[in-house]
$ cat model_18.cif   # mmCIF, C-alpha atoms
data_query
#
loop_
_atom_site.label_atom_id
_atom_site.label_comp_id
_atom_site.auth_asym_id
_atom_site.auth_seq_id
_atom_site.Cartn_x
_atom_site.Cartn_y
_atom_site.Cartn_z
CA MET A 140 -1.40 39.67 -13.33
CA VAL A 141 -2.14 36.75 -15.65
CA ASN A 142 -4.21 33.78 -14.62
CA ILE A 143 -4.11 30.31 -16.18
CA GLY A 144 -7.44 28.72 -15.42
CA LYS A 145 -8.30 25.31 -14.07
CA SER A 146 -9.16 23.75 -17.41
CA VAL A 147 -5.98 24.87 -19.17
CA VAL A 148 -3.21 22.35 -19.89
CA ILE A 149 0.14 23.59 -21.18
CA LYS A 150 3.02 21.38 -22.31
CA GLY A 151 6.27 23.07 -23.18
CA GLU A 152 8.05 26.24 -22.10
CA LEU A 153 6.19 29.03 -20.40
CA SER A 154 7.95 32.37 -20.02
CA GLY A 155 6.89 35.96 -19.47
CA SER A 156 7.49 39.28 -17.79
CA GLU A 157 4.47 39.67 -15.55
CA ASP A 158 3.19 37.97 -12.45
CA LEU A 159 1.38 34.73 -13.12
CA THR A 160 -1.07 32.53 -11.25
CA ILE A 161 -1.53 28.96 -12.42
CA GLU A 162 -4.66 27.01 -11.54
CA GLY A 163 -4.32 24.56 -14.42
CA HIS A 164 -1.72 21.98 -15.46
CA VAL A 165 1.71 22.85 -16.79
CA GLU A 166 4.41 20.42 -17.89
CA GLY A 167 7.85 21.46 -19.10
CA ARG A 168 9.57 24.64 -17.94
CA ILE A 169 8.36 27.89 -16.42
CA ASP A 170 10.58 30.94 -16.64
CA LEU A 171 9.47 34.16 -14.91
CA LYS A 172 12.81 35.41 -13.72
CA ASP A 173 11.66 38.87 -12.67
CA ASN A 174 8.15 38.06 -11.55
CA VAL A 175 6.06 36.25 -9.00
CA LEU A 176 4.67 32.84 -9.84
CA THR A 177 1.75 31.55 -7.79
CA ILE A 178 0.68 27.93 -8.08
CA GLY A 179 -2.95 28.09 -7.01
CA PRO A 180 -4.74 25.43 -4.96
CA ASN A 181 -5.86 23.70 -8.16
CA GLY A 182 -2.56 24.09 -9.98
CA LYS A 183 -0.50 21.02 -10.90
CA ILE A 184 2.98 21.60 -12.22
CA LYS A 185 5.49 19.11 -13.56
CA ALA A 186 8.24 21.47 -14.53
CA GLU A 187 11.51 23.14 -13.78
CA VAL A 188 10.50 26.48 -12.33
CA PHE A 189 12.50 29.72 -12.39
CA ALA A 190 11.01 32.91 -10.95
CA LYS A 191 11.71 35.85 -8.68
CA SER A 192 9.31 34.49 -6.06
CA VAL A 193 7.25 31.33 -6.02
CA VAL A 194 4.18 30.77 -3.87
CA VAL A 195 2.90 27.20 -3.82
CA LEU A 196 -0.63 26.37 -2.79
CA GLY A 197 -1.03 23.49 -5.24
CA GLU A 198 1.28 20.71 -6.42
CA VAL A 199 4.73 21.02 -7.93
CA THR A 200 6.89 18.19 -9.17
CA GLY A 201 10.26 19.51 -10.26
CA ASN A 202 13.01 21.77 -9.06
CA VAL A 203 12.14 25.31 -8.06
CA THR A 204 14.64 28.16 -8.30
CA ALA A 205 13.73 31.63 -7.04
CA SER A 206 15.98 34.64 -6.79
CA GLU A 207 14.04 36.00 -3.80
CA LYS A 208 11.76 33.55 -2.04
CA VAL A 209 9.95 30.22 -2.18
CA ASP A 210 6.85 30.04 -0.02
CA ILE A 211 5.11 26.67 0.34
CA ARG A 212 1.76 27.17 2.03
CA ASP A 213 0.04 24.63 4.25
CA ALA A 214 -1.84 22.87 1.46
CA GLY A 215 1.07 23.17 -0.95
CA SER A 216 3.18 20.26 -2.13
CA VAL A 217 6.64 20.19 -3.68
CA ASP A 218 8.58 17.14 -4.85
CA GLY A 219 11.88 18.57 -5.95
CA ASP A 220 14.82 20.65 -4.86
CA LEU A 221 14.47 24.27 -3.83
CA VAL A 222 17.09 26.91 -4.55
CA SER A 223 16.40 30.32 -3.06
CA PRO A 224 17.91 32.68 -0.47
CA ARG A 225 14.64 32.53 1.48
CA VAL A 226 12.40 29.52 1.92
CA ALA A 227 9.24 29.30 4.01
CA LEU A 228 7.54 25.97 4.63
CA ALA A 229 4.21 26.21 6.39
CA ASP A 230 2.96 23.68 8.89
CA GLY A 231 1.27 20.86 7.00
CA ALA A 232 2.95 21.53 3.67
CA HIS A 233 4.32 18.52 1.81
CA PHE A 234 7.96 18.66 0.82
CA ARG A 235 10.40 16.12 -0.46
CA GLY A 236 13.79 17.26 -1.66
CA SER A 237 16.66 19.44 -0.62
CA VAL A 238 16.82 23.13 0.18
CA ASP A 239 19.67 25.27 -1.04
CA MET A 240 19.73 28.67 0.65
CA GLN A 241 23.26 29.64 -0.22
CA ARG A 242 23.86 33.33 0.03
CA ALA A 243 24.38 35.27 -3.16
CA GLY A 244 27.95 35.05 -4.37
CA SER A 245 28.63 31.78 -2.62
CA ARG A 246 27.33 29.46 -5.30
CA GLN A 247 29.25 26.32 -5.81
CA PRO A 248 28.42 23.19 -7.74
CA PRO A 249 26.49 20.54 -5.84
CA PRO A 250 28.58 17.74 -4.37
CA PRO A 251 28.93 14.63 -6.48
CA GLN A 252 26.35 12.00 -5.77
CA GLN A 253 27.63 8.59 -4.85
CA GLN A 254 27.38 6.49 -7.97
CA GLN A 255 28.09 3.09 -6.54
CA LYS A 256 25.56 3.18 -3.74
CA PRO A 257 21.99 2.25 -4.52
CA ASN A 258 19.07 4.42 -3.58
CA PRO A 259 17.33 3.58 -0.34
CA PRO A 260 15.78 0.13 -0.63
CA GLN A 261 12.55 0.06 -2.53
CA GLN A 262 10.59 -1.59 0.22
CA HIS A 263 10.70 1.72 2.08
CA PRO A 264 10.49 4.39 -0.58
CA GLN A 265 11.09 7.87 0.72
CA GLN A 266 7.77 9.43 1.23
CA GLY A 267 7.23 13.13 0.96
CA GLN A 268 6.98 14.59 4.37
CA LYS A 269 4.41 16.78 5.94
CA VAL A 270 6.09 19.78 7.42
CA GLY A 271 5.88 20.29 11.14
CA ALA A 272 6.23 23.59 12.94
CA MET B 206 15.03 40.04 43.69
CA ALA B 207 17.03 39.08 40.64
CA GLU B 208 18.66 36.30 42.61
CA THR B 209 15.25 35.11 43.76
CA THR B 210 14.08 35.03 40.16
CA ARG B 211 17.12 33.06 39.08
CA SER B 212 16.63 30.60 41.89
CA LEU B 213 13.04 30.00 40.91
CA THR B 214 14.06 29.56 37.30
CA ASP B 215 16.63 27.00 38.34
CA LEU B 216 14.07 25.22 40.47
CA PHE B 217 11.59 25.03 37.62
CA GLY B 218 14.39 23.91 35.32
CA MET B 219 15.06 20.97 37.63
CA LEU B 220 11.43 19.96 37.37
CA GLY B 221 11.70 19.62 33.62
CA PRO B 222 11.67 21.65 30.44
CA ARG B 223 9.99 25.00 30.85
CA ARG B 224 6.84 25.99 29.07
CA ASP B 225 7.38 28.69 26.57
CA THR B 226 6.42 32.06 27.87
CA ASP B 227 9.44 33.89 26.59
CA THR B 228 8.10 36.40 24.13
CA ASP B 229 11.56 37.40 22.95
CA ALA B 230 12.35 33.84 21.95
CA GLY B 231 8.89 33.34 20.51
CA ALA B 232 9.20 36.40 18.32
CA ALA B 233 11.84 34.69 16.24
CA ALA B 234 9.62 31.72 15.59
CA ASP B 235 6.82 31.15 13.17
CA SER B 236 3.49 32.00 14.73
CA SER B 237 2.41 28.43 14.07
CA VAL B 238 4.73 27.17 16.76
CA THR B 239 3.86 29.64 19.50
CA ASN B 240 1.60 27.15 21.13
CA ALA B 241 1.13 26.67 24.82
CA ALA B 242 1.25 22.88 24.37
CA GLU B 243 4.86 23.06 23.24
CA ALA B 244 7.81 23.25 25.54
CA SER B 245 11.15 24.87 25.03
CA TYR B 246 14.49 24.62 26.70
CA ALA B 247 17.89 26.15 26.50
CA THR B 248 20.32 24.25 24.33
CA LYS B 249 24.02 24.56 24.93
CA ALA B 250 25.37 22.68 21.95
CA LEU B 251 23.33 24.12 19.10
CA HIS B 252 25.11 27.45 18.94
CA LYS B 253 28.45 25.65 18.92
CA PHE B 254 27.23 23.48 16.07
CA VAL B 255 26.11 26.56 14.14
CA ALA B 256 29.33 28.42 14.95
CA GLY B 257 31.34 25.44 13.73
CA LEU B 258 29.74 25.72 10.31
CA GLN B 259 29.38 29.46 9.96
CA GLY B 260 32.67 30.17 8.24
CA ARG B 261 31.99 27.74 5.43
CA ASP B 262 30.86 28.54 1.95
CA GLY B 263 27.45 26.99 1.34
CA PRO B 264 27.83 24.07 3.74
CA LEU B 265 25.84 20.90 3.16
CA LEU B 266 23.70 20.05 6.16
CA LEU B 267 21.93 16.75 6.74
CA ASP B 268 18.91 16.83 9.04
CA LEU B 269 17.86 13.38 10.25
CA GLY B 270 14.60 14.60 11.77
CA PRO B 271 11.28 15.34 10.11
CA VAL B 272 10.86 18.34 7.84
CA VAL B 273 10.34 21.37 10.07
CA GLY B 274 9.72 24.66 8.32
CA ASN B 275 11.27 26.72 11.08
CA ASN B 276 14.46 24.68 10.95
CA VAL B 277 14.76 25.12 7.21
CA THR B 278 14.46 28.87 7.70
CA PHE B 279 16.67 28.94 10.80
CA PHE B 280 19.58 26.97 9.41
CA GLY B 281 19.23 28.49 5.97
CA GLU B 282 19.44 32.01 7.32
CA GLN B 283 22.16 31.22 9.85
CA LEU B 284 24.38 29.28 7.49
CA GLY B 285 23.26 29.95 3.93
CA CYS B 286 23.44 26.18 3.64
CA ARG B 287 22.19 23.42 1.44
CA LEU B 288 19.89 21.37 3.63
CA ARG B 289 18.84 17.81 3.00
CA VAL B 290 16.19 16.36 5.28
CA GLU B 291 16.31 12.58 5.73
CA ASP B 292 13.65 11.58 8.22
CA LEU B 293 15.04 8.47 9.90
CA ALA B 294 12.09 8.20 12.29
CA LYS B 295 9.99 7.37 9.26
CA ASP B 296 12.48 4.67 8.26
CA ILE B 297 12.39 3.18 11.76
CA ASP B 298 8.60 3.19 11.74
CA CYS B 299 8.53 1.40 8.38
CA HIS B 300 10.84 -1.33 9.65
CA VAL B 301 8.93 -1.74 12.89
CA LYS B 302 5.62 -2.04 11.06
CA ASP B 303 7.10 -4.53 8.57
CA GLY B 304 8.77 -6.55 11.31
CA THR B 305 12.20 -5.96 9.78
CA VAL B 306 13.92 -4.11 12.58
CA ASP B 307 16.76 -6.62 12.39
CA GLN B 308 17.49 -5.32 8.88
CA LEU B 309 18.07 -1.76 10.05
CA PRO B 310 21.88 -2.16 10.26
CA ALA B 311 22.05 -3.23 6.60
CA PHE B 312 19.54 -0.53 5.67
CA PHE B 313 21.61 2.23 7.26
CA SER B 314 24.76 1.09 5.52
CA THR B 315 23.19 2.01 2.15
CA ARG B 316 20.66 4.62 3.26
CA PHE B 317 22.47 7.79 2.26
CA THR B 318 23.17 8.82 -1.32
CA GLN B 319 25.71 11.51 -0.52
CA ALA B 320 29.33 10.69 -1.29
CA PRO B 321 31.65 10.07 1.67
CA GLY B 322 33.37 13.16 2.99
CA THR B 323 30.92 15.64 1.45
CA VAL B 324 28.65 16.61 4.35
CA ASP B 325 29.60 19.55 6.56
CA GLY B 326 27.10 19.07 9.36
CA ILE B 327 24.68 16.42 10.58
CA LEU B 328 21.75 17.03 12.90
CA CYS B 329 21.03 13.65 14.48
CA TRP B 330 18.73 15.05 17.15
CA ASP B 331 17.78 12.04 19.34
CA VAL B 332 17.46 9.34 16.66
CA PHE B 333 20.02 7.08 18.33
CA ASP B 334 17.74 6.70 21.35
CA TYR B 335 15.37 4.69 19.17
CA LEU B 336 17.92 2.23 17.83
CA ASP B 337 19.30 -0.95 19.26
CA ARG B 338 23.02 -1.41 19.34
CA PRO B 339 23.72 -2.98 15.91
CA ALA B 340 21.57 -0.42 14.10
CA ALA B 341 23.13 2.43 16.09
CA HIS B 342 26.59 1.18 15.20
CA SER B 343 25.76 0.90 11.51
CA LEU B 344 24.24 4.39 11.43
CA ALA B 345 27.18 5.91 13.31
CA VAL B 346 29.63 4.37 10.83
CA SER B 347 27.64 5.70 7.87
CA LEU B 348 27.36 9.20 9.31
CA SER B 349 31.02 9.33 10.29
CA SER B 350 31.89 8.41 6.72
CA LEU B 351 29.63 11.09 5.22
CA LEU B 352 31.20 13.91 7.23
CA ARG B 353 33.97 15.83 5.60
CA PRO B 354 37.10 16.47 7.69
CA ASP B 355 36.31 19.12 10.31
CA GLY B 356 32.59 18.45 9.84
CA CYS B 357 30.27 18.58 12.87
CA LEU B 358 27.65 16.17 14.16
CA LEU B 359 25.12 17.06 16.83
CA GLY B 360 23.34 14.35 18.79
CA PHE B 361 21.00 14.25 21.77
CA PHE B 362 21.03 11.21 24.02
CA SER B 363 18.53 10.63 26.77
CA THR B 364 19.96 9.45 30.07
CA ALA B 365 16.55 8.43 31.41
CA ASP B 366 14.69 5.36 30.22
CA SER B 367 11.22 5.99 28.87
CA ARG B 368 8.69 3.53 27.46
CA ASP B 369 6.48 6.17 25.88
CA PRO B 370 6.23 5.48 22.15
CA VAL B 371 6.82 9.06 21.06
CA TYR B 372 9.35 10.86 18.91
CA THR B 373 10.36 14.42 19.58
CA LYS B 374 10.31 17.10 16.92
CA TYR B 375 12.92 19.76 17.67
CA VAL B 376 12.34 23.27 16.40
CA GLY B 377 15.16 25.80 16.40
CA VAL B 378 13.91 29.09 17.84
CA ASP B 379 17.35 30.63 18.01
CA ASP B 380 20.79 29.19 18.54
CA VAL B 381 20.31 28.84 22.30
CA THR B 382 16.66 27.80 22.43
CA LEU B 383 14.90 24.74 21.08
CA ARG B 384 11.21 24.19 21.17
CA TYR B 385 9.91 20.65 20.94
CA ARG B 386 6.75 18.71 20.55
CA THR B 387 6.18 14.98 20.68
CA TYR B 388 4.38 12.83 18.15
CA SER B 389 3.55 9.15 18.04
CA ALA B 390 6.23 6.58 17.32
CA SER B 391 6.03 2.90 16.53
CA ARG B 392 8.49 2.01 19.27
CA PRO B 393 9.71 3.66 22.47
CA ARG B 394 13.25 4.73 23.19
CA GLN B 395 15.60 1.80 23.53
CA ARG B 396 18.06 1.39 26.36
CA SER B 397 19.88 4.61 27.22
CA LEU B 398 23.43 4.79 25.97
CA LEU B 399 26.14 5.53 28.49
CA ASN B 400 28.61 8.27 27.75
CA GLY B 401 31.34 5.75 27.03
CA ASP B 402 29.08 3.81 24.68
CA ILE B 403 28.35 6.96 22.70
CA ILE B 404 32.02 7.81 22.39
CA LYS B 405 32.76 4.27 21.19
CA LEU B 406 29.90 4.50 18.71
CA PHE B 407 31.51 7.52 17.08
CA LYS B 408 35.06 6.31 17.41
CA ASP B 409 36.09 8.02 14.17
CA LEU B 410 34.95 11.39 15.50
CA ARG B 411 36.20 13.56 18.32
CA VAL B 412 33.90 14.76 21.09
CA THR B 413 34.28 18.52 21.27
CA ASP B 414 31.47 19.32 23.70
CA SER B 415 29.17 17.36 25.96
CA PHE B 416 26.44 18.88 28.11
CA LEU B 417 24.19 17.00 30.48
CA LEU B 418 21.05 19.10 30.76
CA LYS B 419 18.62 19.23 33.65
CA SER B 420 16.08 17.61 31.33
CA LYS B 421 18.29 14.47 31.48
CA VAL B 422 19.33 14.87 27.88
CA ARG B 423 22.99 14.75 26.99
CA GLU B 424 23.85 17.06 24.12
CA MET B 425 27.02 15.99 22.35
CA LEU B 426 28.91 17.69 19.59
CA PHE B 427 31.37 15.70 17.52
CA ARG B 428 33.88 16.81 14.96
CA LYS B 429 35.64 14.74 12.36
CA PRO B 430 39.39 15.17 12.72
CA ALA B 431 41.26 16.47 9.72
CA PRO B 432 43.58 13.83 8.28
CA ARG B 433 47.15 14.05 9.46
CA LEU B 434 49.56 15.18 6.79
#

$ encode --input "model_18.cif" --output "structure tokens"
Amino acid sequence: MVNIGKSVVIKGELSGSEDLTIEGHVEGRIDLKDNVLTIGPNGKIKAEVFAKSVVVLGEVTGNVTASEKVDIRDAGSVDGDLVSPRVALADGAHFRGSVDMQRAGSRQPPPPQQQQKPNPPQQHPQQGQKVGA
Amino acid sequence: MAETTRSLTDLFGMLGPRRDTDTDAGAAADSSVTNAAEASYATKALHKFVAGLQGRDGPLLLDLGPVVGNNVTFFGEQLGCRLRVEDLAKDIDCHVKDGTVDQLPAFFSTRFTQAPGTVDGILCWDVFDYLDRPAAHSLAVSLSSLLRPDGCLLGFFSTADSRDPVYTKYVGVDDVTLRYRTYSASRPRQRSLLNGDIIKLFKDLRVTDSFLLKSKVREMLFRKPAPRL
């Protein structure tokens, strides 16, 4: 188990073959395809994340892809899309994005987004939502 | 004895939604929702909604309620779906607080970023109860457009007027049981929609099932007809 401490800031691509806990800041891309990534309570991530399992207790901005499970704990926060066969969102967790829990072997490309239509009006920006029950 | 038990259950059902004491149902739920303050009731339309989507490959589901962890897990495991949560209660609250409720019809006409005909299922829950007629019409048109042919839409419509400013958060326990809890809203339910009004609202969809529950909620399941060849 490797730990990235609170004072550490990493910009770029982070990859490895052992479980990792991040308490610091990471920007870029995290690739731990066969291992567990834990974003600790102090961790702040702005990255595309790929791992076997991801546990979020801190903040993640970016899409998260896990081959086994994404677990967002009650103090955890994710702004981005989740792709994983199993997703757990605890009461009180913050989440804004979509969840893709397609079963293995049933992958298909995401539907085209409507180009002509504007995003929801700016006067009511979509806030991240606290998760209930 | 069994008949006596059933009779009592029916009697309590007529008095309102039952408190959750069903350990079998509770076992499927997250421990965070096994709370005596929450109520649960049998749903008749949910399993039909789920069954209507089960044969599809990675269906896209739109949930118009708040983010509920149990629902993400429930629908994800049942359907292997892509789920997008769009909390319309939050939108309504924003407009009420800003005094722009009259702009809700225009807002709903551009609210969704999905392309028309790409959504397999829509969980409306009871959002239409909180809208006046023009906003409800605009939202119904948008949702009908989003559904792909043969797509399903599930809506709950209260048949009893209530002035309590509360929303209801529905939590799927299993496909025949919903648990719910209320939370504060910026406006109460608007005038109850009659059955005919609801059908007119979704004139582009076909009503496949309609259940009037003892809790005075009408559960309605709609399906978008496939285009005629």

$ resolve_selection --input "model_18.cif" --expression "the PyMOL selection byres ((chain B) within 7 of (chain A))" --output "list in words"
Ser237, Val238, Asp262, Gly263, Val272, Val273, Gly274, Asn275, Thr278, Gly281, Gly285, Cys286, Arg287, Leu288, Arg289, Val290, Cys299, Thr315, Arg316, Thr318, Gln319, Ala320 and Thr323 of chain B

$ resolve_selection --input "model_18.cif" --expression "the PyMOL selection byres ((chain B and resi 248) around 10)" --output "list in words"
Ser245, Tyr246, Ala247, Lys249, Ala250, Leu251, His252, Lys253, Gly377, Asp379, Asp380, Val381, Thr382, Leu383, Arg384, Phe416, Leu418 and Glu424 of chain B

$ resolve_selection --input "model_18.cif" --expression "the PyMOL selection byres ((chain B and resi 353-357) around 9)" --output "MDAnalysis selection string"
chainID B and resid 254 257:258 321:328 349:352 358:359 410 426:432

$ write_last_selection --input "model_18.cif" --atoms "C-alpha atoms" --output "PDB file, in the coordinates of the input"
ATOM      1  CA  PHE B 254      27.230  23.480  16.070  1.00  0.00           C
ATOM      2  CA  GLY B 257      31.340  25.440  13.730  1.00  0.00           C
ATOM      3  CA  LEU B 258      29.740  25.720  10.310  1.00  0.00           C
ATOM      4  CA  PRO B 321      31.650  10.070   1.670  1.00  0.00           C
ATOM      5  CA  GLY B 322      33.370  13.160   2.990  1.00  0.00           C
ATOM      6  CA  THR B 323      30.920  15.640   1.450  1.00  0.00           C
ATOM      7  CA  VAL B 324      28.650  16.610   4.350  1.00  0.00           C
ATOM      8  CA  ASP B 325      29.600  19.550   6.560  1.00  0.00           C
ATOM      9  CA  GLY B 326      27.100  19.070   9.360  1.00  0.00           C
ATOM     10  CA  ILE B 327      24.680  16.420  10.580  1.00  0.00           C
ATOM     11  CA  LEU B 328      21.750  17.030  12.900  1.00  0.00           C
ATOM     12  CA  SER B 349      31.020   9.330  10.290  1.00  0.00           C
ATOM     13  CA  SER B 350      31.890   8.410   6.720  1.00  0.00           C
ATOM     14  CA  LEU B 351      29.630  11.090   5.220  1.00  0.00           C
ATOM     15  CA  LEU B 352      31.200  13.910   7.230  1.00  0.00           C
ATOM     16  CA  LEU B 358      27.650  16.170  14.160  1.00  0.00           C
ATOM     17  CA  LEU B 359      25.120  17.060  16.830  1.00  0.00           C
ATOM     18  CA  LEU B 410      34.950  11.390  15.500  1.00  0.00           C
ATOM     19  CA  LEU B 426      28.910  17.690  19.590  1.00  0.00           C
ATOM     20  CA  PHE B 427      31.370  15.700  17.520  1.00  0.00           C
ATOM     21  CA  ARG B 428      33.880  16.810  14.960  1.00  0.00           C
ATOM     22  CA  LYS B 429      35.640  14.740  12.360  1.00  0.00           C
ATOM     23  CA  PRO B 430      39.390  15.170  12.720  1.00  0.00           C
ATOM     24  CA  ALA B 431      41.260  16.470   9.720  1.00  0.00           C
ATOM     25  CA  PRO B 432      43.580  13.830   8.280  1.00  0.00           C
TER      26      PRO B 432
END

$ atom_distance --input "model_18.cif" --atom1 "atom CA of B:Thr387" --atom2 "atom CA of B:Ala294"
12.3 Å

$ closest_residue --input "model_18.cif" --among "A:Ser146, A:Ile178, A:Leu171, A:Gly197" --to "A:Asp213" --atoms "all atoms listed in the file"
A:Gly197

$ closest_residue --input "model_18.cif" --among "A:Ile149, A:Ile143, A:Ala214, A:Ile184" --to "A:Thr200" --atoms "only C-alpha atoms"
A:Ile184

$ atom_distance --input "model_18.cif" --atom1 "atom CA of B:Val422" --atom2 "atom CA of B:Ser397"
10.3 Å

$ residues_near_point --input "model_18.cif" --point "(18.2, 31.8, -8.7)" --cutoff "8 Å" --atoms "all atoms listed in the file" --output "PyMOL selection string"
chain A and resi 189-191+204-207+222-223

$ residues_around --input "model_18.cif" --residues "A:Asn142" --least-positions-apart "5" --cutoff "9 Å" --atoms "only C-alpha atoms" --output "PyMOL selection string"
chain A and resi 158-162

$ atom_distance --input "model_18.cif" --atom1 "atom CA of B:Ser347" --atom2 "atom CA of B:Phe313"
7.0 Å

$ residues_around --input "model_18.cif" --residues "B:Thr364" --least-positions-apart "5" --cutoff "9 Å" --atoms "all atoms listed in the file" --output "ChimeraX atom specification"
/B:397-399,417,421-423

$ write_last_selection --input "model_18.cif" --atoms "C-alpha atoms" --output "PDB file, in the coordinates of the input"
ATOM      1  CA  SER B 397      19.880   4.610  27.220  1.00  0.00           C
ATOM      2  CA  LEU B 398      23.430   4.790  25.970  1.00  0.00           C
ATOM      3  CA  LEU B 399      26.140   5.530  28.490  1.00  0.00           C
ATOM      4  CA  LEU B 417      24.190  17.000  30.480  1.00  0.00           C
ATOM      5  CA  LYS B 421      18.290  14.470  31.480  1.00  0.00           C
ATOM      6  CA  VAL B 422      19.330  14.870  27.880  1.00  0.00           C
ATOM      7  CA  ARG B 423      22.990  14.750  26.990  1.00  0.00           C
TER       8      ARG B 423
END

$ residues_near_point --input "model_18.cif" --point "(4.7, 25.0, -4.3)" --cutoff "7 Å" --atoms "all atoms listed in the file" --output "ChimeraX atom specification"
/A:178,194-199,210-211,215-217

$ write_last_selection --input "model_18.cif" --atoms "C-alpha atoms" --output "PDB file, keeping the file's coordinate frame"
ATOM      1  CA  ILE A 178       0.680  27.930  -8.080  1.00  0.00           C
ATOM      2  CA  VAL A 194       4.180  30.770  -3.870  1.00  0.00           C
ATOM      3  CA  VAL A 195       2.900  27.200  -3.820  1.00  0.00           C
ATOM      4  CA  LEU A 196      -0.630  26.370  -2.790  1.00  0.00           C
ATOM      5  CA  GLY A 197      -1.030  23.490  -5.240  1.00  0.00           C
ATOM      6  CA  GLU A 198       1.280  20.710  -6.420  1.00  0.00           C
ATOM      7  CA  VAL A 199       4.730  21.020  -7.930  1.00  0.00           C
ATOM      8  CA  ASP A 210       6.850  30.040  -0.020  1.00  0.00           C
ATOM      9  CA  ILE A 211       5.110  26.670   0.340  1.00  0.00           C
ATOM     10  CA  GLY A 215       1.070  23.170  -0.950  1.00  0.00           C
ATOM     11  CA  SER A 216       3.180  20.260  -2.130  1.00  0.00           C
ATOM     12  CA  VAL A 217       6.640  20.190  -3.680  1.00  0.00           C
TER      13      VAL A 217
END

$ axis_aligned_box --input "model_18.cif" --around "stretch 360-369 of chain B" --padding-each-side "3 Å" --output "JSON"
{"center_x": 14.9, "center_y": 8.9, "center_z": 25.1, "size_x": 22.9, "size_y": 16.8, "size_z": 18.6}
